[in-house]
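Printed here is upload23.tsv (TSV, C-alpha atoms):
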```tsv
chain	number	residue	atom	x	y	z
A	1	MET	CA	20.06	-34.25	4.98
A	2	THR	CA	20.85	-32.27	1.83
A	3	ARG	CA	17.17	-32.26	0.88
A	4	LEU	CA	16.18	-30.95	4.30
A	5	ILE	CA	18.77	-28.17	4.00
A	6	LEU	CA	17.45	-27.22	0.56
A	7	LEU	CA	13.87	-27.31	1.87
A	8	ASP	CA	14.82	-25.10	4.80
A	9	MET	CA	16.56	-22.66	2.45
A	10	ALA	CA	13.58	-22.58	0.07
A	11	ILE	CA	11.13	-21.86	2.90
A	12	ARG	CA	13.35	-19.09	4.24
A	13	MET	CA	13.75	-17.48	0.82
A	14	LEU	CA	9.98	-17.60	0.24
A	15	ALA	CA	9.28	-16.00	3.61
A	16	ILE	CA	11.97	-13.35	3.05
A	17	GLY	CA	10.46	-12.55	-0.36
A	18	GLN	CA	7.02	-12.11	1.18
A	19	LEU	CA	8.38	-9.86	3.90
A	20	LEU	CA	10.26	-7.65	1.46
A	21	LEU	CA	7.18	-7.37	-0.78
A	22	ILE	CA	5.02	-6.30	2.18
A	23	THR	CA	7.72	-3.80	3.18
A	24	ILE	CA	7.65	-2.20	-0.27
A	25	VAL	CA	3.84	-2.02	-0.37
A	26	ILE	CA	3.62	-0.41	3.07
A	27	GLY	CA	6.55	1.91	2.35
A	28	LEU	CA	4.74	3.27	-0.70
A	29	GLY	CA	1.39	3.48	1.10
A	30	ARG	CA	-0.34	6.44	2.72
A	31	ALA	CA	0.00	5.40	6.34
A	32	PRO	CA	1.66	7.85	8.77
A	33	HIS	CA	5.43	8.05	8.37
A	34	ALA	CA	6.16	6.60	11.84
A	35	ILE	CA	3.99	3.52	11.25
A	36	ARG	CA	5.45	2.95	7.78
A	37	VAL	CA	9.01	3.14	9.10
A	38	ALA	CA	8.28	0.92	12.12
A	39	THR	CA	6.52	-1.69	9.98
A	40	ALA	CA	9.26	-1.73	7.35
A	41	LEU	CA	12.02	-2.04	9.94
A	42	LEU	CA	10.17	-4.82	11.80
A	43	LEU	CA	9.59	-6.88	8.66
A	44	THR	CA	13.20	-6.32	7.60
A	45	GLY	CA	14.32	-7.50	11.04
A	46	ILE	CA	12.28	-10.71	10.72
A	47	ALA	CA	13.74	-11.29	7.25
A	48	SER	CA	17.22	-10.73	8.69
A	49	TYR	CA	16.58	-13.33	11.39
A	50	LEU	CA	15.52	-15.85	8.75
A	51	ALA	CA	18.82	-15.31	6.98
A	52	ALA	CA	20.92	-15.19	10.16
A	53	ALA	CA	19.45	-18.33	11.73
A	54	THR	CA	20.66	-20.72	9.01
A	55	PRO	CA	24.18	-22.22	9.32
A	56	LEU	CA	24.80	-21.70	5.60
A	57	PHE	CA	24.89	-17.92	6.03
A	58	ARG	CA	27.64	-17.31	8.57
A	59	PRO	CA	30.46	-15.21	7.07
A	60	LEU	CA	31.05	-13.37	10.36
A	61	ASP	CA	33.63	-10.99	8.91
A	62	ALA	CA	31.48	-9.69	6.04
A	63	PRO	CA	30.24	-6.11	6.72
A	64	LEU	CA	26.84	-6.82	5.17
A	65	TRP	CA	26.45	-9.90	7.35
A	66	LEU	CA	27.11	-7.83	10.47
A	67	ILE	CA	24.26	-5.50	9.47
A	68	VAL	CA	21.94	-8.47	8.90
A	69	ARG	CA	22.82	-9.96	12.27
A	70	PHE	CA	22.35	-6.61	14.04
A	71	SER	CA	18.95	-6.12	12.36
A	72	ALA	CA	17.88	-9.60	13.48
A	73	GLN	CA	18.87	-8.93	17.09
A	74	MET	CA	16.86	-5.68	17.17
A	75	THR	CA	13.64	-7.42	16.01
A	76	PRO	CA	12.11	-7.75	19.53
A	77	TRP	CA	12.59	-4.01	20.12
A	78	LEU	CA	11.07	-3.27	16.70
A	79	LEU	CA	8.07	-5.48	17.52
A	80	TRP	CA	7.62	-3.63	20.83
A	81	THR	CA	7.72	-0.25	19.06
A	82	PHE	CA	5.40	-1.43	16.28
A	83	ALA	CA	2.79	-2.62	18.81
A	84	HIS	CA	2.80	0.78	20.52
A	85	LEU	CA	2.43	2.75	17.27
A	86	LEU	CA	-0.16	0.55	15.57
A	87	PHE	CA	-2.36	0.31	18.65
A	88	GLU	CA	-1.97	4.02	19.49
A	89	ARG	CA	-0.26	3.47	22.81
A	90	PRO	CA	2.16	6.14	24.12
A	91	ILE	CA	5.80	5.04	24.00
A	92	ASP	CA	7.82	5.47	27.16
A	93	ARG	CA	10.88	7.21	25.71
A	94	ARG	CA	13.15	6.25	28.60
A	95	ALA	CA	12.22	2.58	28.29
A	96	ALA	CA	12.64	2.71	24.52
A	97	LEU	CA	16.05	4.38	24.66
A	98	CYS	CA	17.38	2.22	27.51
A	99	SER	CA	16.27	-1.07	25.94
A	100	ALA	CA	17.59	-0.06	22.50
A	101	ALA	CA	20.94	1.02	23.98
A	102	ALA	CA	21.20	-2.25	25.92
A	103	LEU	CA	20.50	-4.36	22.82
A	104	VAL	CA	22.97	-2.36	20.72
A	105	GLY	CA	25.59	-2.72	23.46
A	106	CYS	CA	25.01	-6.49	23.63
A	107	ALA	CA	25.25	-6.81	19.84
A	108	ILE	CA	28.54	-4.89	19.69
A	109	SER	CA	29.98	-6.75	22.67
A	110	TYR	CA	29.01	-10.12	21.18
A	111	LEU	CA	30.70	-9.33	17.87
A	112	ILE	CA	33.84	-8.21	19.70
A	113	ALA	CA	33.79	-11.40	21.77
A	114	ILE	CA	33.46	-13.54	18.64
A	115	ARG	CA	36.44	-11.82	16.99
A	116	TRP	CA	38.72	-11.83	20.01
A	117	ALA	CA	37.62	-15.09	21.65
A	118	PRO	CA	36.20	-17.31	18.88
A	119	GLY	CA	36.85	-20.47	20.89
A	120	ALA	CA	35.22	-19.30	24.12
A	121	GLU	CA	33.81	-21.98	26.39
A	122	PHE	CA	30.10	-22.58	26.93
A	123	TRP	CA	30.01	-20.46	30.08
A	124	GLY	CA	32.32	-17.78	28.63
A	125	THR	CA	31.77	-14.14	27.73
A	126	GLN	CA	29.69	-14.86	24.64
A	127	PHE	CA	27.20	-16.88	26.65
A	128	TRP	CA	26.56	-14.16	29.22
A	129	ILE	CA	26.26	-11.43	26.59
A	130	ALA	CA	23.76	-13.56	24.67
A	131	LEU	CA	21.88	-14.34	27.88
A	132	ILE	CA	21.47	-10.63	28.71
A	133	GLN	CA	20.41	-9.82	25.15
A	134	HIS	CA	17.84	-12.63	25.11
A	135	GLY	CA	16.51	-11.61	28.53
A	136	ILE	CA	15.88	-8.03	27.36
A	137	SER	CA	14.31	-9.33	24.15
A	138	LEU	CA	11.94	-11.61	26.07
A	139	VAL	CA	10.75	-8.72	28.25
A	140	LEU	CA	10.05	-6.60	25.16
A	141	ILE	CA	8.22	-9.43	23.39
A	142	ILE	CA	6.10	-10.23	26.45
A	143	GLN	CA	5.05	-6.59	26.79
A	144	ALA	CA	4.20	-6.39	23.06
A	145	ILE	CA	2.01	-9.49	23.41
A	146	MET	CA	0.34	-8.02	26.51
A	147	ILE	CA	-0.41	-4.77	24.66
A	148	ALA	CA	-1.95	-6.70	21.79
A	149	PHE	CA	-3.91	-9.19	23.88
A	150	LEU	CA	-4.87	-7.55	27.17
A	151	GLU	CA	-5.92	-4.21	25.61
A	152	ARG	CA	-7.92	-5.85	22.84
A	153	GLY	CA	-11.23	-4.93	24.48
A	154	ASP	CA	-10.44	-1.22	24.20
A	155	ASP	CA	-9.91	-1.40	20.42
A	156	LEU	CA	-12.98	-0.42	18.39
A	157	ILE	CA	-11.61	-1.40	14.95
A	158	GLU	CA	-12.64	-5.00	14.30
A	159	LYS	CA	-9.95	-5.72	11.69
A	160	ARG	CA	-7.28	-4.34	13.97
A	161	ARG	CA	-8.65	-6.43	16.84
A	162	ARG	CA	-8.09	-9.52	14.70
A	163	LEU	CA	-4.64	-8.25	13.73
A	164	ARG	CA	-3.73	-8.04	17.42
A	165	PHE	CA	-3.85	-11.83	17.57
A	166	GLY	CA	-3.02	-12.67	13.98
A	167	PHE	CA	0.20	-10.70	13.89
A	168	VAL	CA	1.53	-9.34	17.16
A	169	VAL	CA	0.53	-12.29	19.35
A	170	LEU	CA	1.42	-14.88	16.70
A	171	VAL	CA	4.74	-13.31	15.70
A	172	GLY	CA	5.53	-12.49	19.33
A	173	SER	CA	4.79	-16.04	20.44
A	174	ILE	CA	6.99	-17.50	17.70
A	175	ALA	CA	9.79	-15.09	18.62
A	176	PHE	CA	9.35	-16.00	22.30
A	177	ILE	CA	9.63	-19.73	21.55
A	178	VAL	CA	12.64	-19.19	19.30
A	179	LEU	CA	14.47	-17.18	21.98
A	180	VAL	CA	13.71	-19.74	24.68
A	181	LEU	CA	14.95	-22.59	22.46
A	182	GLU	CA	18.15	-20.68	21.74
A	183	MET	CA	18.68	-20.13	25.46
A	184	LEU	CA	18.07	-23.80	26.27
A	185	SER	CA	20.55	-24.85	23.57
A	186	GLY	CA	23.23	-22.57	25.01
A	187	PHE	CA	23.02	-20.26	21.98
A	188	ARG	CA	24.49	-22.91	19.74
A	189	TYR	CA	23.06	-24.24	16.51
A	190	SER	CA	20.28	-26.54	17.68
A	191	GLY	CA	19.99	-28.74	14.62
A	192	LEU	CA	18.32	-28.75	11.24
A	193	GLY	CA	15.03	-30.12	12.56
A	194	ILE	CA	14.42	-27.17	14.89
A	195	ALA	CA	15.64	-24.70	12.26
A	196	LEU	CA	13.21	-26.17	9.71
A	197	GLY	CA	10.36	-25.96	12.22
A	198	GLN	CA	11.17	-22.31	12.86
A	199	SER	CA	11.21	-21.61	9.13
A	200	ILE	CA	7.79	-23.21	8.60
A	201	ALA	CA	6.27	-21.35	11.57
A	202	ILE	CA	7.62	-18.02	10.36
A	203	LEU	CA	6.43	-18.71	6.80
A	204	ILE	CA	2.90	-19.34	8.10
A	205	ALA	CA	3.06	-16.11	10.10
A	206	THR	CA	4.36	-14.08	7.16
A	207	THR	CA	1.65	-15.49	4.91
A	208	ALA	CA	-1.00	-14.33	7.40
A	209	VAL	CA	0.67	-10.93	7.53
A	210	ALA	CA	0.70	-10.73	3.73
A	211	VAL	CA	-3.03	-11.43	3.55
A	212	ALA	CA	-3.69	-8.59	6.03
A	213	PHE	CA	-1.20	-5.97	4.92
A	214	LEU	CA	-1.10	-6.41	1.14
A	215	GLN	CA	-4.70	-5.20	1.04
A	216	SER	CA	-3.30	-1.84	2.25
A	217	ASP	CA	-6.43	-1.51	4.38
A	218	PRO	CA	-6.83	2.01	5.79
A	219	GLU	CA	-8.47	0.56	8.90
A	220	LEU	CA	-5.18	-1.14	9.77
A	221	LEU	CA	-2.64	1.43	8.57
A	222	PHE	CA	-4.54	4.62	9.25
A	223	ASP	CA	-3.62	8.22	9.75
A	224	PRO	CA	-4.78	9.28	13.25
A	225	ALA	CA	-4.57	12.94	12.18
A	226	GLU	CA	-7.43	12.52	9.70
A	227	PRO	CA	-10.69	14.14	10.82
A	228	ALA	CA	-13.51	11.91	12.02
A	229	PRO	CA	-16.10	11.04	9.35
A	230	GLU	CA	-19.42	12.81	9.26
A	231	PRO	CA	-21.92	10.56	11.04
A	232	LYS	CA	-24.59	9.12	8.76
A	233	LEU	CA	-26.79	7.20	11.10
A	234	SER	CA	-29.45	4.64	10.34
A	235	PRO	CA	-32.71	4.79	12.32
A	236	SER	CA	-31.50	2.13	14.75
A	237	GLU	CA	-28.20	3.97	15.16
A	238	HIS	CA	-30.08	7.20	15.89
A	239	VAL	CA	-31.92	5.45	18.71
A	240	LEU	CA	-28.69	3.99	20.08
A	241	LYS	CA	-26.90	7.34	19.86
A	242	ARG	CA	-29.70	9.02	21.82
A	243	LYS	CA	-29.28	6.39	24.51
A	244	LEU	CA	-25.52	6.96	24.48
A	245	ASP	CA	-25.91	10.74	24.70
A	246	ALA	CA	-28.33	10.37	27.61
A	247	ALA	CA	-25.86	8.10	29.41
A	248	ILE	CA	-23.05	10.62	28.87
A	249	ALA	CA	-25.32	13.41	30.14
A	250	GLY	CA	-25.87	11.26	33.22
A	251	ALA	CA	-22.06	11.14	33.71
A	252	ILE	CA	-21.65	7.44	33.02
A	253	HIS	CA	-18.24	8.26	31.55
A	254	ARG	CA	-17.09	9.17	35.06
A	255	GLU	CA	-17.36	5.59	36.30
A	256	PRO	CA	-13.89	4.12	37.04
A	257	GLY	CA	-13.02	1.05	35.00
A	258	LEU	CA	-15.93	1.46	32.59
A	259	SER	CA	-15.54	-0.92	29.64
A	260	ILE	CA	-17.37	-0.96	26.36
A	261	GLY	CA	-18.95	-4.26	27.36
A	262	GLY	CA	-20.26	-2.71	30.57
A	263	LEU	CA	-21.56	0.34	28.71
A	264	ALA	CA	-23.31	-1.84	26.13
A	265	GLU	CA	-24.98	-3.79	28.91
A	266	ARG	CA	-26.16	-0.58	30.56
A	267	LEU	CA	-27.59	0.64	27.24
A	268	GLY	CA	-29.26	-2.72	26.56
A	269	THR	CA	-27.53	-3.21	23.20
A	270	PRO	CA	-25.12	-5.82	21.77
A	271	GLU	CA	-21.49	-4.86	22.22
A	272	HIS	CA	-20.70	-5.10	18.50
A	273	ARG	CA	-23.40	-2.55	17.67
A	274	LEU	CA	-22.00	-0.08	20.17
A	275	ARG	CA	-18.47	-0.66	18.86
A	276	SER	CA	-19.66	0.03	15.33
A	277	LEU	CA	-21.44	3.23	16.35
A	278	ILE	CA	-18.52	4.69	18.30
A	279	ASN	CA	-15.94	3.70	15.69
A	280	GLN	CA	-17.54	3.90	12.27
A	281	ARG	CA	-20.04	6.69	12.96
A	282	LEU	CA	-18.44	8.79	15.70
A	283	GLY	CA	-14.84	8.31	14.53
A	284	TYR	CA	-13.16	6.91	17.65
A	285	ARG	CA	-10.61	4.10	17.20
A	286	ASN	CA	-10.31	3.19	20.89
A	287	PHE	CA	-12.91	3.16	23.65
A	288	SER	CA	-10.45	4.89	25.98
A	289	ALA	CA	-10.19	7.77	23.46
A	290	PHE	CA	-13.99	8.09	23.51
A	291	LEU	CA	-14.04	8.21	27.32
A	292	ASN	CA	-11.10	10.61	27.48
A	293	HIS	CA	-12.81	12.99	25.05
A	294	HIS	CA	-15.81	13.40	27.35
A	295	ARG	CA	-13.81	13.34	30.58
A	296	ILE	CA	-11.29	15.94	29.40
A	297	ALA	CA	-14.04	18.18	28.06
A	298	GLU	CA	-15.55	18.22	31.54
A	299	ALA	CA	-12.14	18.71	33.12
A	300	LYS	CA	-11.51	21.78	30.95
A	301	THR	CA	-14.80	23.28	32.11
A	302	LEU	CA	-13.91	22.71	35.77
A	303	LEU	CA	-10.36	24.01	35.41
A	304	ALA	CA	-11.51	27.18	33.65
A	305	ASP	CA	-14.20	27.95	36.24
A	306	PRO	CA	-13.07	30.49	38.90
A	307	VAL	CA	-15.53	28.92	41.34
A	308	HIS	CA	-13.42	25.72	41.34
A	309	VAL	CA	-10.01	27.42	41.34
A	310	ASP	CA	-9.06	25.83	44.69
A	311	LEU	CA	-10.28	22.36	43.72
A	312	PRO	CA	-7.17	20.13	43.53
A	313	ILE	CA	-6.40	18.67	40.12
A	314	LEU	CA	-6.12	15.21	41.72
A	315	THR	CA	-9.70	15.55	42.98
A	316	ILE	CA	-10.90	16.47	39.50
A	317	ALA	CA	-9.07	13.48	38.05
A	318	MET	CA	-10.53	11.06	40.59
A	319	ASP	CA	-14.05	12.48	40.19
A	320	LEU	CA	-13.81	11.95	36.43
A	321	GLY	CA	-12.99	8.25	36.79
A	322	TYR	CA	-9.19	8.21	36.62
A	323	GLY	CA	-7.48	5.95	39.11
A	324	SER	CA	-4.57	8.32	39.65
A	325	LEU	CA	-3.15	11.63	38.49
A	326	ALA	CA	-0.68	10.23	35.93
A	327	PRO	CA	-3.23	8.83	33.40
A	328	PHE	CA	-5.30	12.00	33.73
A	329	ASN	CA	-2.30	14.22	33.00
A	330	ARG	CA	-1.35	12.01	30.05
A	331	ALA	CA	-4.88	12.10	28.59
A	332	PHE	CA	-5.17	15.87	29.18
A	333	ARG	CA	-1.88	16.57	27.42
A	334	GLN	CA	-2.88	14.38	24.49
A	335	GLU	CA	-6.22	16.18	24.14
A	336	THR	CA	-5.09	19.78	24.72
A	337	GLY	CA	-1.32	19.84	24.24
A	338	GLN	CA	-0.64	21.19	27.73
A	339	ALA	CA	-0.67	20.19	31.39
A	340	PRO	CA	-3.86	20.72	33.45
A	341	SER	CA	-2.12	23.27	35.71
A	342	ASN	CA	-0.97	25.31	32.70
A	343	PHE	CA	-4.45	25.16	31.20
A	344	ARG	CA	-5.99	26.45	34.46
A	345	ARG	CA	-3.43	29.28	34.69
A	346	ALA	CA	-4.06	30.35	31.08
A	347	ALA	CA	-7.84	30.16	31.50
A	348	ILE	CA	-8.10	32.06	34.79
A	349	VAL	CA	-5.01	34.23	35.19
A	350	GLU	CA	-4.15	35.19	31.60
A	351	ASN	CA	-7.70	35.78	30.39
```

Rewritten as structure tokens:
Amino acid sequence: MTRLILLDMAIRMLAIGQLLLITIVIGLGRAPHAIRVATALLLTGIASYLAAATPLFRPLDAPLWLIVRFSAQMTPWLLWTFAHLLFERPIDRRAALCSAAALVGCAISYLIAIRWAPGAEFWGTQFWIALIQHGISLVLIIQAIMIAFLERGDDLIEKRRRLRFGFVVLVGSIAFIVLVLEMLSGFRYSGLGIALGQSIAILIATTAVAVAFLQSDPELLFDPAEPAPEPKLSPSEHVLKRKLDAAIAGAIHREPGLSIGGLAERLGTPEHRLRSLINQRLGYRNFSAFLNHHRIAEAKTLLADPVHVDLPILTIAMDLGYGSLAPFNRAFRQETGQAPSNFRRAAIVEN
């Protein structure tokens, strides 16, 4: 038993060391500030869980220990935020604030319950607080996994496509399993065997993360504000770009639900070649950004034209391939910095 405890401790310390090293490398890197902060906090949260999950580290009254435990409990929220930032997905501020406030409230309530009712029964206050906290965490983890997995086809960066599975899905799946096991055990220590298995799984995940992130690859930790590279096309890429331009001129970008696979099939080219052209030569990181660029450019022309002043914005959105008004408004704001109605007013009334 003593040997298993020492092995578990050694694995945890090794994983924590890897996580802290990655945190330092990313913190000193040139990635955008928001991504650096989110990555560092997420890796610190995972390291905190590794420390908090072992029965040897349980001085509940120590102030530093309370910080470690709080950081560990916020890890699902940090993973959710990290997935949004890395994969360039807009964060719903209300969802972010509400889920963070709920997790913080659960953490504070749990600590109060431990201090004032340390001998609470299985179905007591501590259990229900932990159940709520784990339920919120599971929802956040599931959504992070869905962002990474279901939207993989939209991502044009091959290394980041692999990272979607290698990090977010892998780490998210491990976190999901850990939370479910804790719920099934009634939030009690489930034994050294399960703890050791968790340590080994997390060590494997952190090693994979180290291989990806310690390269400090700009394709993974990029700055979206950087200008697109000047296209230097090979002869075959010139031919493919002419086909792509002709398809755009024919309004193929207006088709609802158009995917890069469907576009590649229409152009008669392998999907990976089209991905490479749009990403590495034209400078788009997501296929949806490429579509939005052409759709919003056409929308701006229609909104600024006095002939179409009475054309409803919803009609414009639907004609351009958007399924509803909300995604059109979101894409228009991201491209122009203002709402479509404000753009039309400025273009027609104020000019």

Checklist outcome for this item: Restricting to only C-alpha atoms, whichever of A:Pro76, A:Ala102, A:Arg94, A:Leu85 is closest to Ser137 (chain A) is A:Pro76

For Arg69 (chain A), work out the shell of residues within 8 Å, counting only C-alpha atoms and skipping chain neighbours fewer than 2 positions away, then give it as a tab-separated table (two decimals) with C-alpha atoms, in the frame of the given file.
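Result file selection_28.tsv:
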```tsv
chain	number	residue	atom	x	y	z
A	48	SER	CA	17.22	-10.73	8.69
A	49	TYR	CA	16.58	-13.33	11.39
A	52	ALA	CA	20.92	-15.19	10.16
A	65	TRP	CA	26.45	-9.90	7.35
A	66	LEU	CA	27.11	-7.83	10.47
A	67	ILE	CA	24.26	-5.50	9.47
A	71	SER	CA	18.95	-6.12	12.36
A	72	ALA	CA	17.88	-9.60	13.48
A	73	GLN	CA	18.87	-8.93	17.09
```

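For Leu19 (chain A), the set of protein, DNA and RNA residues having any atom at most 8 Å away, when counting only C-alpha atoms and skipping those fewer than 4 positions along the same chain, is Ala15, Thr23, Leu43, Thr44, Ile46, Ala47, Thr206 and Ala210 of chain A.
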
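Nearest to Val307 (chain A) of all the residues A:Gly27, A:Arg275, A:Ile348, A:Phe343 is A:Ile348, based on only C-alpha atoms.
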
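The space separating CA of Ala326 (chain A) from CA of Leu103 (chain A) comes to 28.9 Å.
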
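The two atoms in question, CA of Leu277 (chain A) and CA of Pro327 (chain A), are spaced 25.6 Å apart.
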
Checklist entry - If I put a ball of radius 9 Å at (-23.7, -2.8, 21.9) in the file's coordinates, which residues poke into it when counting only C-alpha atoms, written as a ChimeraX atom specification? => result /A:240,260-261,263-265,267-277

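If you look at CA of Leu21 (chain A) and CA of Phe87 (chain A), they are 23.0 Å away from each other.
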
Next on the checklist: Which residues are close to Tyr284 (chain A), i.e. within 10 Å by only C-alpha atoms, leaving aside same-chain residues fewer than 2 positions away? Reply as JSON, numbers by chain.
Outcome noted: {"A": [155, 156, 157, 224, 228, 229, 275, 276, 277, 278, 279, 280, 281, 282, 286, 287, 288, 289, 290, 291, 293]}

Write out the residues from the selection above, keeping C-alpha atoms, as a short mmCIF file (atom, residue, chain, number, x, y, z; two decimals), keeping the file's coordinate frame.
```
data_model
loop_
_atom_site.label_atom_id
_atom_site.label_comp_id
_atom_site.auth_asym_id
_atom_site.auth_seq_id
_atom_site.Cartn_x
_atom_site.Cartn_y
_atom_site.Cartn_z
CA ASP A 155 -9.91 -1.40 20.42
CA LEU A 156 -12.98 -0.42 18.39
CA ILE A 157 -11.61 -1.40 14.95
CA PRO A 224 -4.78 9.28 13.25
CA ALA A 228 -13.51 11.91 12.02
CA PRO A 229 -16.10 11.04 9.35
CA ARG A 275 -18.47 -0.66 18.86
CA SER A 276 -19.66 0.03 15.33
CA LEU A 277 -21.44 3.23 16.35
CA ILE A 278 -18.52 4.69 18.30
CA ASN A 279 -15.94 3.70 15.69
CA GLN A 280 -17.54 3.90 12.27
CA ARG A 281 -20.04 6.69 12.96
CA LEU A 282 -18.44 8.79 15.70
CA ASN A 286 -10.31 3.19 20.89
CA PHE A 287 -12.91 3.16 23.65
CA SER A 288 -10.45 4.89 25.98
CA ALA A 289 -10.19 7.77 23.46
CA PHE A 290 -13.99 8.09 23.51
CA LEU A 291 -14.04 8.21 27.32
CA HIS A 293 -12.81 12.99 25.05
#
```
